[in-house]
file entry_30.cif (mmCIF, N, CA and C atoms)
data_protein
#
loop_
_atom_site.label_atom_id
_atom_site.label_comp_id
_atom_site.auth_asym_id
_atom_site.auth_seq_id
_atom_site.Cartn_x
_atom_site.Cartn_y
_atom_site.Cartn_z
N MET A 1 95.28 119.62 113.02
CA MET A 1 95.53 119.46 111.60
C MET A 1 94.29 119.83 110.78
N GLY A 2 93.31 120.46 111.37
CA GLY A 2 92.11 120.83 110.65
C GLY A 2 92.37 121.79 109.51
N LEU A 3 93.25 122.77 109.73
CA LEU A 3 93.57 123.74 108.69
C LEU A 3 94.21 123.05 107.49
N LEU A 4 95.14 122.15 107.76
CA LEU A 4 95.81 121.44 106.67
C LEU A 4 94.82 120.58 105.90
N ARG A 5 93.92 119.92 106.59
CA ARG A 5 92.91 119.09 105.92
C ARG A 5 92.02 119.94 105.02
N ARG A 6 91.60 121.12 105.53
CA ARG A 6 90.77 122.02 104.70
C ARG A 6 91.53 122.50 103.47
N LEU A 7 92.81 122.79 103.65
CA LEU A 7 93.63 123.23 102.52
C LEU A 7 93.76 122.11 101.49
N ARG A 8 94.01 120.90 101.94
CA ARG A 8 94.11 119.77 101.02
C ARG A 8 92.79 119.55 100.28
N ASP A 9 91.67 119.65 101.00
CA ASP A 9 90.36 119.48 100.36
C ASP A 9 90.14 120.56 99.31
N ARG A 10 90.50 121.80 99.62
CA ARG A 10 90.32 122.89 98.67
C ARG A 10 91.20 122.68 97.44
N ARG A 11 92.44 122.27 97.65
CA ARG A 11 93.34 122.02 96.52
C ARG A 11 92.81 120.88 95.66
N ALA A 12 92.28 119.84 96.31
CA ALA A 12 91.76 118.69 95.56
C ALA A 12 90.56 119.10 94.71
N ARG A 13 89.71 119.98 95.25
CA ARG A 13 88.55 120.45 94.48
C ARG A 13 88.98 121.26 93.26
N ARG A 14 90.10 121.95 93.37
CA ARG A 14 90.59 122.75 92.24
C ARG A 14 91.43 121.91 91.28
N GLY A 15 91.58 120.63 91.57
CA GLY A 15 92.36 119.76 90.70
C GLY A 15 93.86 119.80 90.96
N GLU A 16 94.28 120.45 92.03
CA GLU A 16 95.69 120.50 92.37
C GLU A 16 96.01 119.31 93.27
N PRO A 17 97.13 118.64 93.02
CA PRO A 17 97.47 117.49 93.86
C PRO A 17 97.84 117.93 95.27
N ALA A 18 97.47 117.13 96.24
CA ALA A 18 97.86 117.38 97.62
C ALA A 18 99.33 117.02 97.78
N VAL A 19 100.03 117.77 98.59
CA VAL A 19 101.45 117.52 98.82
C VAL A 19 101.59 116.49 99.93
N GLY A 20 102.47 115.54 99.72
CA GLY A 20 102.81 114.55 100.73
C GLY A 20 104.30 114.53 100.95
N ILE A 21 104.72 113.84 101.96
CA ILE A 21 106.14 113.78 102.30
C ILE A 21 106.98 113.22 101.16
N ASP A 22 106.41 112.32 100.40
CA ASP A 22 107.14 111.71 99.28
C ASP A 22 106.65 112.18 97.91
N SER A 23 106.02 113.33 97.85
CA SER A 23 105.53 113.84 96.57
C SER A 23 106.69 114.02 95.59
N PRO A 24 106.48 113.63 94.34
CA PRO A 24 107.53 113.85 93.36
C PRO A 24 107.72 115.34 93.09
N GLY A 25 108.95 115.71 92.80
CA GLY A 25 109.24 117.10 92.45
C GLY A 25 109.54 118.02 93.61
N LEU A 26 109.52 117.52 94.83
CA LEU A 26 109.81 118.38 95.97
C LEU A 26 111.25 118.90 95.90
N VAL A 27 111.42 120.18 96.19
CA VAL A 27 112.74 120.79 96.25
C VAL A 27 112.84 121.61 97.53
N VAL A 28 114.05 121.76 98.03
CA VAL A 28 114.28 122.58 99.22
C VAL A 28 114.09 124.04 98.83
N VAL A 29 113.19 124.72 99.54
CA VAL A 29 112.92 126.13 99.26
C VAL A 29 113.43 127.06 100.35
N VAL A 30 113.70 126.52 101.51
CA VAL A 30 114.27 127.31 102.60
C VAL A 30 114.97 126.35 103.55
N SER A 31 116.06 126.83 104.16
CA SER A 31 116.76 126.01 105.14
C SER A 31 117.23 126.90 106.28
N ALA A 32 117.35 126.29 107.44
CA ALA A 32 117.77 127.01 108.65
C ALA A 32 118.64 126.09 109.49
N PHE A 33 119.94 126.27 109.37
CA PHE A 33 120.88 125.45 110.12
C PHE A 33 121.76 126.27 111.05
N ASP A 34 121.52 127.56 111.12
CA ASP A 34 122.27 128.45 112.00
C ASP A 34 121.39 128.74 113.22
N VAL A 35 121.81 128.27 114.39
CA VAL A 35 120.98 128.45 115.58
C VAL A 35 120.81 129.92 115.95
N ALA A 36 121.69 130.77 115.47
CA ALA A 36 121.59 132.19 115.79
C ALA A 36 120.61 132.93 114.87
N GLU A 37 120.21 132.31 113.76
CA GLU A 37 119.30 132.96 112.82
C GLU A 37 117.85 132.69 113.22
N ALA A 38 117.06 133.72 113.25
CA ALA A 38 115.64 133.56 113.54
C ALA A 38 114.95 132.84 112.39
N ASP A 39 113.95 132.07 112.70
CA ASP A 39 113.20 131.36 111.67
C ASP A 39 112.52 132.34 110.72
N SER A 40 112.08 133.47 111.24
CA SER A 40 111.47 134.48 110.38
C SER A 40 112.47 135.00 109.35
N ALA A 41 113.73 135.13 109.75
CA ALA A 41 114.77 135.59 108.82
C ALA A 41 115.03 134.53 107.75
N ALA A 42 115.04 133.26 108.14
CA ALA A 42 115.24 132.19 107.16
C ALA A 42 114.13 132.20 106.12
N LEU A 43 112.89 132.33 106.57
CA LEU A 43 111.77 132.39 105.63
C LEU A 43 111.85 133.63 104.75
N ALA A 44 112.21 134.76 105.34
CA ALA A 44 112.25 136.02 104.59
C ALA A 44 113.32 136.02 103.51
N ARG A 45 114.41 135.31 103.71
CA ARG A 45 115.48 135.32 102.71
C ARG A 45 115.25 134.32 101.58
N SER A 46 114.18 133.58 101.64
CA SER A 46 113.92 132.58 100.60
C SER A 46 112.98 133.10 99.53
N PRO A 47 113.46 133.31 98.32
CA PRO A 47 112.58 133.77 97.24
C PRO A 47 111.69 132.66 96.68
N ARG A 48 112.00 131.41 96.98
CA ARG A 48 111.24 130.28 96.40
C ARG A 48 110.12 129.79 97.30
N TRP A 49 110.13 130.13 98.59
CA TRP A 49 109.10 129.67 99.52
C TRP A 49 107.80 130.41 99.23
N ARG A 50 106.70 129.62 99.17
CA ARG A 50 105.37 130.18 98.97
C ARG A 50 104.57 129.97 100.26
N ALA A 51 104.25 131.05 100.93
CA ALA A 51 103.60 130.99 102.24
C ALA A 51 102.23 130.34 102.19
N ALA A 52 101.52 130.47 101.09
CA ALA A 52 100.15 129.94 101.01
C ALA A 52 100.11 128.47 100.60
N ALA A 53 101.25 127.90 100.28
CA ALA A 53 101.29 126.50 99.84
C ALA A 53 101.85 125.61 100.95
N PRO A 54 101.28 124.42 101.10
CA PRO A 54 101.83 123.52 102.12
C PRO A 54 103.26 123.12 101.76
N ALA A 55 104.02 122.83 102.78
CA ALA A 55 105.42 122.43 102.61
C ALA A 55 105.69 121.22 103.48
N VAL A 56 106.72 120.49 103.13
CA VAL A 56 107.21 119.42 103.98
C VAL A 56 108.27 120.05 104.87
N LEU A 57 107.98 120.14 106.16
CA LEU A 57 108.94 120.65 107.12
C LEU A 57 109.78 119.46 107.57
N ARG A 58 111.10 119.57 107.40
CA ARG A 58 111.99 118.44 107.69
C ARG A 58 113.05 118.89 108.68
N HIS A 59 112.97 118.33 109.89
CA HIS A 59 113.97 118.61 110.92
C HIS A 59 115.05 117.55 110.85
N HIS A 60 116.30 117.99 110.96
CA HIS A 60 117.46 117.11 110.93
C HIS A 60 117.92 116.93 112.38
N LEU A 61 117.97 115.69 112.81
CA LEU A 61 118.32 115.37 114.19
C LEU A 61 119.45 114.35 114.24
N ALA A 62 120.33 114.52 115.20
CA ALA A 62 121.36 113.51 115.48
C ALA A 62 120.90 112.79 116.74
N LEU A 63 120.36 111.59 116.56
CA LEU A 63 119.84 110.82 117.69
C LEU A 63 120.62 109.51 117.84
N PRO A 64 120.79 109.06 119.08
CA PRO A 64 121.36 107.73 119.25
C PRO A 64 120.43 106.70 118.59
N PRO A 65 121.00 105.72 117.91
CA PRO A 65 120.16 104.74 117.19
C PRO A 65 119.09 104.08 118.07
N ASP A 66 119.40 103.88 119.34
CA ASP A 66 118.43 103.22 120.22
C ASP A 66 117.30 104.16 120.67
N GLN A 67 117.34 105.43 120.27
CA GLN A 67 116.30 106.39 120.66
C GLN A 67 115.39 106.79 119.50
N VAL A 68 115.69 106.29 118.29
CA VAL A 68 114.90 106.67 117.12
C VAL A 68 113.45 106.20 117.27
N GLU A 69 113.27 104.99 117.73
CA GLU A 69 111.90 104.48 117.89
C GLU A 69 111.14 105.29 118.95
N ARG A 70 111.82 105.70 120.00
CA ARG A 70 111.17 106.54 121.02
C ARG A 70 110.75 107.88 120.42
N ALA A 71 111.61 108.46 119.60
CA ALA A 71 111.25 109.71 118.92
C ALA A 71 110.02 109.49 118.04
N ARG A 72 109.99 108.39 117.33
CA ARG A 72 108.85 108.07 116.47
C ARG A 72 107.56 107.98 117.30
N GLU A 73 107.62 107.32 118.45
CA GLU A 73 106.44 107.20 119.33
C GLU A 73 105.96 108.56 119.83
N LEU A 74 106.90 109.42 120.17
CA LEU A 74 106.53 110.72 120.71
C LEU A 74 105.99 111.68 119.66
N LEU A 75 106.45 111.56 118.43
CA LEU A 75 106.06 112.50 117.38
C LEU A 75 104.87 112.05 116.54
N ALA A 76 104.64 110.75 116.45
CA ALA A 76 103.57 110.23 115.59
C ALA A 76 102.18 110.80 115.91
N PRO A 77 101.81 110.98 117.17
CA PRO A 77 100.46 111.50 117.44
C PRO A 77 100.19 112.87 116.82
N ASP A 78 101.23 113.64 116.53
CA ASP A 78 101.06 114.96 115.92
C ASP A 78 101.32 114.94 114.42
N GLY A 79 101.34 113.74 113.82
CA GLY A 79 101.46 113.64 112.38
C GLY A 79 102.88 113.65 111.83
N TRP A 80 103.88 113.55 112.68
CA TRP A 80 105.27 113.52 112.22
C TRP A 80 105.65 112.11 111.82
N GLN A 81 106.42 112.00 110.76
CA GLN A 81 107.05 110.74 110.39
C GLN A 81 108.53 110.86 110.72
N VAL A 82 109.11 109.79 111.23
CA VAL A 82 110.53 109.78 111.56
C VAL A 82 111.21 108.78 110.65
N ARG A 83 112.27 109.26 110.01
CA ARG A 83 113.05 108.40 109.11
C ARG A 83 114.50 108.46 109.55
N GLU A 84 115.11 107.29 109.59
CA GLU A 84 116.49 107.25 110.05
C GLU A 84 117.45 106.94 108.92
N GLY A 85 118.66 107.40 109.10
CA GLY A 85 119.75 107.20 108.17
C GLY A 85 120.99 107.75 108.86
N ASP A 86 121.89 108.38 108.09
CA ASP A 86 123.05 109.03 108.71
C ASP A 86 122.56 110.10 109.68
N VAL A 87 121.47 110.74 109.31
CA VAL A 87 120.79 111.73 110.13
C VAL A 87 119.36 111.24 110.28
N THR A 88 118.75 111.52 111.41
CA THR A 88 117.34 111.18 111.60
C THR A 88 116.51 112.38 111.18
N TYR A 89 115.47 112.14 110.40
CA TYR A 89 114.59 113.21 109.94
C TYR A 89 113.23 113.07 110.59
N ALA A 90 112.67 114.20 111.02
CA ALA A 90 111.28 114.28 111.44
C ALA A 90 110.59 115.14 110.39
N LEU A 91 109.56 114.57 109.74
CA LEU A 91 108.92 115.23 108.60
C LEU A 91 107.42 115.34 108.81
N ARG A 92 106.87 116.46 108.35
CA ARG A 92 105.42 116.65 108.40
C ARG A 92 105.03 117.70 107.36
N VAL A 93 103.89 117.52 106.75
CA VAL A 93 103.35 118.51 105.82
C VAL A 93 102.56 119.54 106.62
N GLN A 94 102.83 120.81 106.36
CA GLN A 94 102.11 121.87 107.05
C GLN A 94 102.32 123.19 106.32
N LEU A 95 101.49 124.16 106.66
CA LEU A 95 101.72 125.53 106.23
C LEU A 95 102.78 126.11 107.16
N LEU A 96 103.73 126.81 106.60
CA LEU A 96 104.81 127.37 107.40
C LEU A 96 104.57 128.83 107.72
N SER A 97 104.96 129.18 108.92
CA SER A 97 105.00 130.58 109.33
C SER A 97 106.20 130.70 110.26
N ALA A 98 106.61 131.92 110.52
CA ALA A 98 107.73 132.10 111.44
C ALA A 98 107.41 131.49 112.80
N LEU A 99 106.19 131.67 113.26
CA LEU A 99 105.79 131.13 114.55
C LEU A 99 105.79 129.60 114.55
N SER A 100 105.22 128.98 113.52
CA SER A 100 105.18 127.51 113.50
C SER A 100 106.57 126.93 113.40
N CYS A 101 107.44 127.55 112.61
CA CYS A 101 108.81 127.04 112.48
C CYS A 101 109.57 127.17 113.81
N ALA A 102 109.41 128.31 114.48
CA ALA A 102 110.09 128.51 115.76
C ALA A 102 109.57 127.53 116.82
N ARG A 103 108.27 127.33 116.83
CA ARG A 103 107.67 126.40 117.80
C ARG A 103 108.20 124.98 117.57
N GLU A 104 108.23 124.56 116.31
CA GLU A 104 108.69 123.20 116.02
C GLU A 104 110.19 123.06 116.22
N ARG A 105 110.95 124.11 115.95
CA ARG A 105 112.39 124.06 116.21
C ARG A 105 112.64 123.83 117.70
N SER A 106 111.93 124.58 118.52
CA SER A 106 112.08 124.43 119.97
C SER A 106 111.70 123.03 120.42
N ARG A 107 110.60 122.54 119.89
CA ARG A 107 110.15 121.19 120.24
C ARG A 107 111.17 120.14 119.85
N MET A 108 111.69 120.24 118.63
CA MET A 108 112.65 119.23 118.15
C MET A 108 113.97 119.31 118.89
N ALA A 109 114.43 120.51 119.21
CA ALA A 109 115.67 120.66 119.97
C ALA A 109 115.51 120.05 121.36
N SER A 110 114.37 120.29 121.98
CA SER A 110 114.09 119.73 123.30
C SER A 110 114.00 118.21 123.24
N LEU A 111 113.30 117.69 122.25
CA LEU A 111 113.18 116.25 122.09
C LEU A 111 114.55 115.60 121.89
N ALA A 112 115.35 116.16 121.00
CA ALA A 112 116.67 115.61 120.73
C ALA A 112 117.52 115.60 122.00
N GLN A 113 117.48 116.68 122.75
CA GLN A 113 118.26 116.75 123.99
C GLN A 113 117.80 115.71 125.00
N ARG A 114 116.48 115.56 125.17
CA ARG A 114 115.95 114.56 126.11
C ARG A 114 116.36 113.14 125.73
N LEU A 115 116.51 112.91 124.42
CA LEU A 115 116.86 111.57 123.94
C LEU A 115 118.36 111.37 123.79
N GLY A 116 119.15 112.33 124.26
CA GLY A 116 120.60 112.19 124.22
C GLY A 116 121.22 112.55 122.89
N GLY A 117 120.50 113.35 122.09
CA GLY A 117 121.01 113.72 120.78
C GLY A 117 121.11 115.22 120.62
N ASP A 118 121.02 115.67 119.37
CA ASP A 118 121.15 117.08 119.08
C ASP A 118 120.27 117.45 117.89
N TRP A 119 119.76 118.67 117.91
CA TRP A 119 119.02 119.22 116.78
C TRP A 119 120.04 119.87 115.87
N ILE A 120 119.99 119.57 114.58
CA ILE A 120 120.96 120.09 113.62
C ILE A 120 120.41 121.30 112.88
N GLY A 121 119.14 121.22 112.46
CA GLY A 121 118.55 122.30 111.70
C GLY A 121 117.27 121.82 111.02
N TRP A 122 116.70 122.68 110.19
CA TRP A 122 115.49 122.29 109.46
C TRP A 122 115.55 122.86 108.05
N ASP A 123 114.80 122.22 107.19
CA ASP A 123 114.57 122.76 105.87
C ASP A 123 113.13 122.47 105.49
N ALA A 124 112.68 123.14 104.44
CA ALA A 124 111.31 122.95 103.97
C ALA A 124 111.35 122.69 102.48
N LEU A 125 110.48 121.79 102.06
CA LEU A 125 110.41 121.40 100.65
C LEU A 125 109.02 121.69 100.11
N GLN A 126 108.97 122.17 98.89
CA GLN A 126 107.71 122.40 98.19
C GLN A 126 107.89 121.97 96.73
N VAL A 127 106.78 121.68 96.11
CA VAL A 127 106.80 121.44 94.67
C VAL A 127 106.80 122.82 94.02
N PRO A 128 107.75 123.08 93.13
CA PRO A 128 107.79 124.41 92.51
C PRO A 128 106.47 124.75 91.82
N GLN A 129 106.09 126.00 91.89
CA GLN A 129 104.84 126.45 91.28
C GLN A 129 104.87 126.16 89.78
N GLY A 130 103.76 125.59 89.30
CA GLY A 130 103.65 125.25 87.90
C GLY A 130 104.21 123.89 87.54
N SER A 131 104.75 123.16 88.55
CA SER A 131 105.34 121.84 88.29
C SER A 131 104.33 120.72 88.42
N ALA A 132 103.18 120.99 89.04
CA ALA A 132 102.21 119.93 89.30
C ALA A 132 101.36 119.66 88.09
#
call {"tool": "encode", "arguments": {"input": "entry_30.cif", "output": "structure tokens"}}
result
Amino acid sequence: MGLLRRLRDRRARRGEPAVGIDSPGLVVVVSAFDVAEADSAALARSPRWRAAAPAVLRHHLALPPDQVERARELLAPDGWQVREGDVTYALRVQLLSALSCARERSRMASLAQRLGGDWIGWDALQVPQGSA
């Protein structure tokens, strides 16, 4: 997470607020719920996604209720927060790239399968430019 920390420090020095999972004004800028679509294609079709700005990457998972805490334990060391509801969400702030999205999609799909659930898809949220 060194890159993200440096980015947050640089933004803070310029007077720009750091983005957090619960930052006000976050909107979905890209989504990928089709397993056949490449993550690079999902990012490329989004006119609102800003590659240089951090985003909240949110994976949607269908997990058995008794496995949510296990998912939280497995993901927390890498900075993921797990929130449960009708769907379980794994959320983390990061810079997005096709490679990082594909890597995390694979990880989340594998995790969901190991825990007896399913990976549904992902979306990314950013504060619109000029809204901060």
call {"tool": "select_by_dssp", "arguments": {"input": "entry_30.cif", "residues": "chain A", "states": "alpha helix (DSSP H)", "output": "JSON, numbers by chain"}}
result
{"A": [2, 3, 4, 5, 6, 7, 8, 9, 10, 11, 12, 13, 39, 40, 41, 42, 43, 44, 68, 69, 70, 71, 72, 73, 74, 75, 98, 99, 100, 101, 102, 103, 104, 105, 106, 107, 108, 109, 110, 111, 112, 113, 114]}
call {"tool": "select_by_dssp", "arguments": {"input": "entry_30.cif", "residues": "segment 10-102 of chain A", "states": "strand (DSSP E or B)", "output": "PyMOL selection string"}}
result
chain A and resi 27-32+55-62+81-83+88-94
call {"tool": "atom_distance", "arguments": {"input": "entry_30.cif", "atom1": "atom CA of Ala18 of chain A", "atom2": "atom CA of Val87 of chain A"}}
result
26.7 Å
call {"tool": "atom_distance", "arguments": {"input": "entry_30.cif", "atom1": "atom CA of Leu63 of chain A", "atom2": "atom C of Val27 of chain A"}}
result
23.9 Å
call {"tool": "atom_distance", "arguments": {"input": "entry_30.cif", "atom1": "atom C of Leu125 of chain A", "atom2": "atom N of Val93 of chain A"}}
result
9.4 Å
call {"tool": "resolve_selection", "arguments": {"input": "entry_30.cif", "expression": "the PyMOL selection byres (((chain A and resi 96 and name CA) around 8) and name CA)", "output": "PyMOL selection string"}}
result
chain A and resi 51+54-55+57+94-95+97-98+100-101
call {"tool": "write_last_selection", "arguments": {"input": "entry_30.cif", "atoms": "N, CA and C atoms", "output": "short mmCIF file (atom, residue, chain, number, x, y, z; two decimals), in the frame of the given file"}}
result
data_model
loop_
_atom_site.label_atom_id
_atom_site.label_comp_id
_atom_site.auth_asym_id
_atom_site.auth_seq_id
_atom_site.Cartn_x
_atom_site.Cartn_y
_atom_site.Cartn_z
N ALA A 51 104.25 131.05 100.93
CA ALA A 51 103.60 130.99 102.24
C ALA A 51 102.23 130.34 102.19
N PRO A 54 101.28 124.42 101.10
CA PRO A 54 101.83 123.52 102.12
C PRO A 54 103.26 123.12 101.76
N ALA A 55 104.02 122.83 102.78
CA ALA A 55 105.42 122.43 102.61
C ALA A 55 105.69 121.22 103.48
N LEU A 57 107.98 120.14 106.16
CA LEU A 57 108.94 120.65 107.12
C LEU A 57 109.78 119.46 107.57
N GLN A 94 102.83 120.81 106.36
CA GLN A 94 102.11 121.87 107.05
C GLN A 94 102.32 123.19 106.32
N LEU A 95 101.49 124.16 106.66
CA LEU A 95 101.72 125.53 106.23
C LEU A 95 102.78 126.11 107.16
N SER A 97 104.96 129.18 108.92
CA SER A 97 105.00 130.58 109.33
C SER A 97 106.20 130.70 110.26
N ALA A 98 106.61 131.92 110.52
CA ALA A 98 107.73 132.10 111.44
C ALA A 98 107.41 131.49 112.80
N SER A 100 105.22 128.98 113.52
CA SER A 100 105.18 127.51 113.50
C SER A 100 106.57 126.93 113.40
N CYS A 101 107.44 127.55 112.61
CA CYS A 101 108.81 127.04 112.48
C CYS A 101 109.57 127.17 113.81
#
call {"tool": "residues_around", "arguments": {"input": "entry_30.cif", "residues": "Ser40 of chain A", "least_positions_apart": "2", "cutoff": "7 Å", "atoms": "all atoms listed in the file", "output": "PyMOL selection string"}}
result
chain A and resi 37-38+42-45+97-99+102
call {"tool": "closest_residue", "arguments": {"input": "entry_30.cif", "among": "A:Ala109, A:Asp34, A:Ala62, A:Arg48", "to": "Gln126 of chain A", "atoms": "all atoms listed in the file"}}
result
A:Arg48
call {"tool": "residues_around", "arguments": {"input": "entry_30.cif", "residues": "Phe33 of chain A", "least_positions_apart": "5", "cutoff": "6 Å", "atoms": "all atoms listed in the file", "output": "list in words"}}
result
Ile120, Gly121 and Trp122 of chain A
call {"tool": "closest_residue", "arguments": {"input": "entry_30.cif", "among": "A:Val56, A:Arg83, A:Pro128, A:Leu91", "to": "Val19 of chain A", "atoms": "only C-alpha atoms"}}
result
A:Val56
call {"tool": "residues_around", "arguments": {"input": "entry_30.cif", "residues": "Leu111 of chain A", "least_positions_apart": "4", "cutoff": "10 Å", "atoms": "only C-alpha atoms", "output": "ChimeraX atom specification"}}
result
/A:61,63,70-71,74-75,105-107,115-119
call {"tool": "axis_aligned_box", "arguments": {"input": "entry_30.cif", "around": "segment 43-56 of chain A", "padding_each_side": "6 Å", "output": "JSON"}}
result
{"center_x": 107.8, "center_y": 127.7, "center_z": 101.5, "size_x": 27.4, "size_y": 28.6, "size_z": 22.2}
call {"tool": "residues_around", "arguments": {"input": "entry_30.cif", "residues": "Arg72 of chain A", "least_positions_apart": "4", "cutoff": "6 Å", "atoms": "only N, CA and C atoms", "output": "PyMOL selection string"}}
result
chain A and resi 68+76+82
call {"tool": "build_atoms", "arguments": {"input": "entry_30.cif", "residues": "segment 85-93 of chain A", "atoms": "all heavy atoms", "output": "tab-separated table (two decimals), in the frame of the given file"}}
result
chain	number	residue	atom	x	y	z
A	85	GLY	N	118.66	107.40	109.10
A	85	GLY	CA	119.75	107.20	108.17
A	85	GLY	C	120.99	107.75	108.86
A	85	GLY	O	121.12	107.66	110.08
A	86	ASP	N	121.89	108.38	108.09
A	86	ASP	CA	123.05	109.03	108.71
A	86	ASP	C	122.56	110.10	109.68
A	86	ASP	O	123.16	110.34	110.72
A	86	ASP	CB	123.95	109.66	107.65
A	86	ASP	CG	124.63	108.62	106.78
A	86	ASP	OD1	124.73	107.46	107.21
A	86	ASP	OD2	125.05	108.97	105.67
A	87	VAL	N	121.47	110.74	109.31
A	87	VAL	CA	120.79	111.73	110.13
A	87	VAL	C	119.36	111.24	110.28
A	87	VAL	O	118.81	110.62	109.38
A	87	VAL	CB	120.81	113.12	109.45
A	87	VAL	CG1	119.95	114.12	110.17
A	87	VAL	CG2	122.23	113.63	109.31
A	88	THR	N	118.75	111.52	111.41
A	88	THR	CA	117.34	111.18	111.60
A	88	THR	C	116.51	112.38	111.18
A	88	THR	O	116.83	113.52	111.54
A	88	THR	CB	117.05	110.81	113.07
A	88	THR	OG1	117.87	109.70	113.43
A	88	THR	CG2	115.60	110.46	113.27
A	89	TYR	N	115.47	112.14	110.40
A	89	TYR	CA	114.59	113.21	109.94
A	89	TYR	C	113.23	113.07	110.59
A	89	TYR	O	112.69	111.98	110.67
A	89	TYR	CB	114.40	113.16	108.42
A	89	TYR	CG	115.66	113.33	107.63
A	89	TYR	CD1	116.26	112.25	107.01
A	89	TYR	CD2	116.26	114.58	107.51
A	89	TYR	CE1	117.44	112.41	106.29
A	89	TYR	CE2	117.42	114.74	106.79
A	89	TYR	CZ	118.01	113.65	106.18
A	89	TYR	OH	119.17	113.81	105.46
A	90	ALA	N	112.67	114.20	111.02
A	90	ALA	CA	111.28	114.28	111.44
A	90	ALA	C	110.59	115.14	110.39
A	90	ALA	O	111.02	116.27	110.13
A	90	ALA	CB	111.16	114.92	112.82
A	91	LEU	N	109.56	114.57	109.74
A	91	LEU	CA	108.92	115.23	108.60
A	91	LEU	C	107.42	115.34	108.81
A	91	LEU	O	106.78	114.41	109.32
A	91	LEU	CB	109.16	114.43	107.32
A	91	LEU	CG	110.59	114.09	106.97
A	91	LEU	CD1	110.87	112.64	107.26
A	91	LEU	CD2	110.84	114.38	105.51
A	92	ARG	N	106.87	116.46	108.35
A	92	ARG	CA	105.42	116.65	108.40
A	92	ARG	C	105.03	117.70	107.36
A	92	ARG	O	105.76	118.67	107.14
A	92	ARG	CB	105.00	117.12	109.79
A	92	ARG	CG	103.51	117.35	109.93
A	92	ARG	CD	103.09	117.58	111.35
A	92	ARG	NE	103.44	118.92	111.79
A	92	ARG	CZ	103.13	119.40	112.99
A	92	ARG	NH1	102.50	118.65	113.87
A	92	ARG	NH2	103.46	120.62	113.32
A	93	VAL	N	103.89	117.52	106.75
A	93	VAL	CA	103.35	118.51	105.82
A	93	VAL	C	102.56	119.54	106.62
A	93	VAL	O	101.72	119.17	107.46
A	93	VAL	CB	102.44	117.85	104.76
A	93	VAL	CG1	101.80	118.91	103.87
A	93	VAL	CG2	103.22	116.84	103.94
